[in-house]
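Q: Got a structure for you, questions after.
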Amino acid sequence: MSNVSRRNFFKGAGAAALVAAAAGSLSGCGNGYESNEPVKNDTTQRPSGPSWLGEAPQIDETEITETLDYEVVVVGLRTGGLPALMSAAENGARVLGIEQMSKIAEPREDLGAVNSRYQLESFSEFPQFEIDKMEIMEDIVRYANGFVNYDLIKLWVDESGDMINWLSDIIERDGKFKMWFEGSVGTEGQGARDKAWATGHSPQKLVDDKEITFGGTMRDYAIENGAEIRYDTMLVKCEQDESGRVTGVICRDGNDLHYIRVNASKGVILATGGYVANTEMVEARQAWNNRLKINIPVGGSCTGDGIKAAMWCGATIDPLGCAVTFNRACCKPDEVAGSDLVGKWFWFGEQPFLKVNLQGKRFCNESGPYDYMLHSAFMQPYHTYVDIWDSDYVTQVKQINEVGCCRLYPFDNGAPSNMDISAMQSKFDQLEEAGYVQKADTMEELAAKLNLPVEATVATWERYNKFAEQGKDEDYNKEPYRLTSLTHPPYYGVRTGAWFLATIDGCPINTDMHPVNEAGEQIDGLYLVGNDSGGFFSVSYPNLMTGLAAGRTMTFGRRAGMLAATGQA
C-alpha cells in the first residue's frame, strides 16, 4: 500500500464530537481503551465481571430530591420504548416514559415481520413472498451459529405480523401515513448463495407538514391513552427490594442534574438502545467493528446504560458481541478505516460491484449480507477496501436487483425504495468534490488516484471483466447476473468501511421479556426490549430479512408494555 497514513490516529476528537452531539451531551461514552481483562477470583480464577461494567452508583438519599410514583416506567423512547409506552398505556397502566433527549428521535422505519395483512394480501399475486415460519427461524439460527434462544425467534415469527397490523392501524388512522410492504426477494433461480426474505415494512408520510413524524405519531397515540413523558432525563440505575424484584429507577435530570426516584409498582421496561457509542464496550465485546468503523454524522448515541443497569440487577450478557453494520461509509484515498476516523456517508456502498483490497486485489464474493462483506474486509490490510464501478451503474443496479433498505428501484409490488437511483449521481459528485470519490477515464488513472498498486488493480479489473463476459466467477462464485462488466468510462472508486448502526447483543431474556440470571431465573419487575436485550442475534445480522432488528424490537416492545401493564408475567 502506498501513501497511506492513519490520520489523527487515536486522536478521536472528531468522533467524540459526533457522539456528544447525537447524545445531546446527556450521557457520556466510554472513550479510551482501558484494560478489558475481567477481575478474577484468586481462588477459582473465575472472571468476576468485565472492566467496563463497574459497580452500580451509590446515591445518597439526601441527593434524591424528587420522587414519582407510576405503575410502569419505560426508559428510552425510540424503536423499542415507543411501542412499549403505547402498549402499556392502551392496556390501562399509569405509565411514564423517560427519554434522555429533548424530543422523540425517529424510530427505525424498516420493520421486519411475518404474515402481516399486507403480506397475506400479496400472496395471490406474488406467491414467492410467502414465508415458511420454520425455515426463516432456522435461517436466523444459522446466521447466529446457534447462539440464540429459539423460543424468542419463534415468538417474533408468531407475533410480528400482528404488531405491524396494530401499528399500521395507529399511524394510518388520520390519513397522514401509509404502511408499505416492501415486496421483493431479488432475482430467483440464478444461483444466489443467500436467500432473501420479503419481510420489510416502512411507513410513508403522505403530507408535507415537517412537524408530523412517524415517531411523533406514535408518541401522540401514547399520550392520547394517558401516557406521560419526561425528557432530558437519564437513567442512573434500577432499584430492587429485598427479594430482588425491580421496583423502579433512579434517574438524573439533564438540566439541573438533580436525582429522581421513579417508583414503578408493575414494572420497569429498559429500551435504551445498546452500546454503539461506548468505545470501551465495543472494544471489549466486538473489537473488529472498531477497526472497520468510519464515523459519519448519523447513527446511535447509546452507551450501554440499560445493559449495565440490568447486569447490576443480576442479569447475564450474551457470549458474543454482534452489530448491524452497513458498508455505507467512506474515507479519503490517504485514509483507512478505524474508530478514530471521521468520514462521509456513502449509501451506494452496499451495491455488489467490484471490491478490491488496498493491494488492488479482489478478495471475496461481493454479493451477500452486508457484514459478510465487512467481515471479509477485516481480514484484509488495514481493514479497508475500495469500491469500483463505472458510468453504466444505472442499468447495472437494476440488473443486480438488491432487496431491502439498499434497494434503489421500486419494489416488485410497487412500494417505493428508501432512496432512488436518480439521487446517486449528485451524491457521487458531492463526494468527488470533497475528495472522497475518485473518477478517471482509465483504470490506471483511477488506481493511482486511490493510492492502489496500478498494475495489480488493472489485472484484477481485467480478470473480473473476463468473468462477467463468460458469466462465471471462477474465483469467488458470485451470481452470474451480478457480474456486470466494468467497461464504460469514466470509472469511479472510493475507499469504504462500516457505518456502525447499532449493537444487537445484550442481556438474554425469556419470552416474557424478563432478563435472566446465570441460573436462568427471571428478574421480576424488569423487562428488556430492543438492543438492551439479548438471545436473538449473534455473530452476523441477517440483513436479507429486511427490518428484522427493528421488527423484533417493536414486536417485543409491544409485548413488554402489555405484560407489564396487565401483570400477566
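If you're wondering about the labels, chains in the C-alpha cells are A, B, ... by order shown, residues count from 1 in each chain, ligands from 1 in order shown.
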For the interface of region 43-134 of chain A with region 308-332 of chain A (cut-off 12 Å, counting only C-alpha atoms), please tabulate each contacting residue of region 43-134 of chain A alongside its nearest pair of atoms and their separation in Å to one decimal, rows sorted by chain and increasing number, as CSV.
A:
residue,atom,partner,partner_atom,distance
A:Ser48,CA,A:Thr316,CA,11.8
A:Gly49,CA,A:Met311,CA,9.8
A:Pro50,CA,A:Ile317,CA,10.5
A:Ser51,CA,A:Lys308,CA,11.5
A:Trp52,CA,A:Lys308,CA,8.9
A:Leu53,CA,A:Lys308,CA,6.1
A:Gly54,CA,A:Lys308,CA,8.5
A:Glu55,CA,A:Trp312,CA,7.3
A:Ala56,CA,A:Trp312,CA,6.1
A:Pro57,CA,A:Trp312,CA,9.7
A:Gln58,CA,A:Trp312,CA,11.8
A:Val75,CA,A:Ala309,CA,11.2
Q: Give me the residues near Tyr476 (chain A) as a ChimeraX atom specification, where near means some atom within 9 Å (using only C-alpha atoms) and where sequence neighbours in that chain fewer than 5 positions away do not count.
A: /A:363-366
Q: Would you list the contacts of region 201-203 of chain A as a ChimeraX atom specification, taking every protein, DNA or RNA residue within 7 Å and counting only C-alpha atoms, but skipping same-chain residues closer than 2 positions in sequence?
A: /A:109-112,177-182,199,205
Q: Can you work out the spacing between CA of Leu450 (chain A) and CA of Glu469 (chain A) in Å, to one decimal?
A: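 Computing it gives 25.9 Å between the two atoms.
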Q: So, with only C-alpha atoms as the atoms that count, which of A:Pro369, A:Pro127, A:Gly535, A:Pro489 lies closest to Lys195 (chain A)?
A: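 Under the stated criterion, the closest residue is A:Pro369.
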Q: Sorted by chain and rising residue number, which residues of region 357-438 of chain A lie within 8 Å of region 494-504 of chain A, and what are their closest atom pairs and distances in Å to one decimal, counting only C-alpha atoms, as JSON lines?
A:
{"residue": "A:Leu374", "atom": "CA", "partner": "A:Ala498", "partner_atom": "CA", "distance": 7.0}
{"residue": "A:His383", "atom": "CA", "partner": "A:Gly497", "partner_atom": "CA", "distance": 7.7}
{"residue": "A:Thr384", "atom": "CA", "partner": "A:Gly497", "partner_atom": "CA", "distance": 5.8}
{"residue": "A:Tyr385", "atom": "CA", "partner": "A:Thr496", "partner_atom": "CA", "distance": 5.5}
{"residue": "A:Val386", "atom": "CA", "partner": "A:Arg495", "partner_atom": "CA", "distance": 4.3}
{"residue": "A:Asp387", "atom": "CA", "partner": "A:Val494", "partner_atom": "CA", "distance": 5.5}
{"residue": "A:Ile388", "atom": "CA", "partner": "A:Val494", "partner_atom": "CA", "distance": 7.0}
{"residue": "A:Tyr436", "atom": "CA", "partner": "A:Val494", "partner_atom": "CA", "distance": 6.2}
{"residue": "A:Val437", "atom": "CA", "partner": "A:Val494", "partner_atom": "CA", "distance": 4.7}
{"residue": "A:Gln438", "atom": "CA", "partner": "A:Val494", "partner_atom": "CA", "distance": 6.2}
Q: Can I get the selected residues back with C-alpha atoms, as a PDB file, in the first residue's frame?
A:
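Below you can see selection01.pdb, which holds the result:
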ATOM      1  CA  LEU A 374     -17.250  -6.262   6.024  1.00  0.00           C
ATOM      2  CA  HIS A 383      -9.482  -3.447   7.287  1.00  0.00           C
ATOM      3  CA  THR A 384     -10.344  -1.174   4.364  1.00  0.00           C
ATOM      4  CA  TYR A 385     -11.352  -1.873   0.788  1.00  0.00           C
ATOM      5  CA  VAL A 386     -12.222   0.020  -2.385  1.00  0.00           C
ATOM      6  CA  ASP A 387     -15.496   0.050  -4.330  1.00  0.00           C
ATOM      7  CA  ILE A 388     -15.115   0.336  -8.110  1.00  0.00           C
ATOM      8  CA  TYR A 436     -13.616  11.029  -1.348  1.00  0.00           C
ATOM      9  CA  VAL A 437     -14.935   9.509  -4.599  1.00  0.00           C
ATOM     10  CA  GLN A 438     -12.341   9.469  -7.375  1.00  0.00           C
TER      11      GLN A 438
END
Q: Could you tell me how far CA of Ile104 (chain A) lies from CA of Asn531 (chain A), in Å and to one decimal?
A: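 One can read the CA of Ile104 (chain A) to CA of Asn531 (chain A) distance as 17.6 Å.
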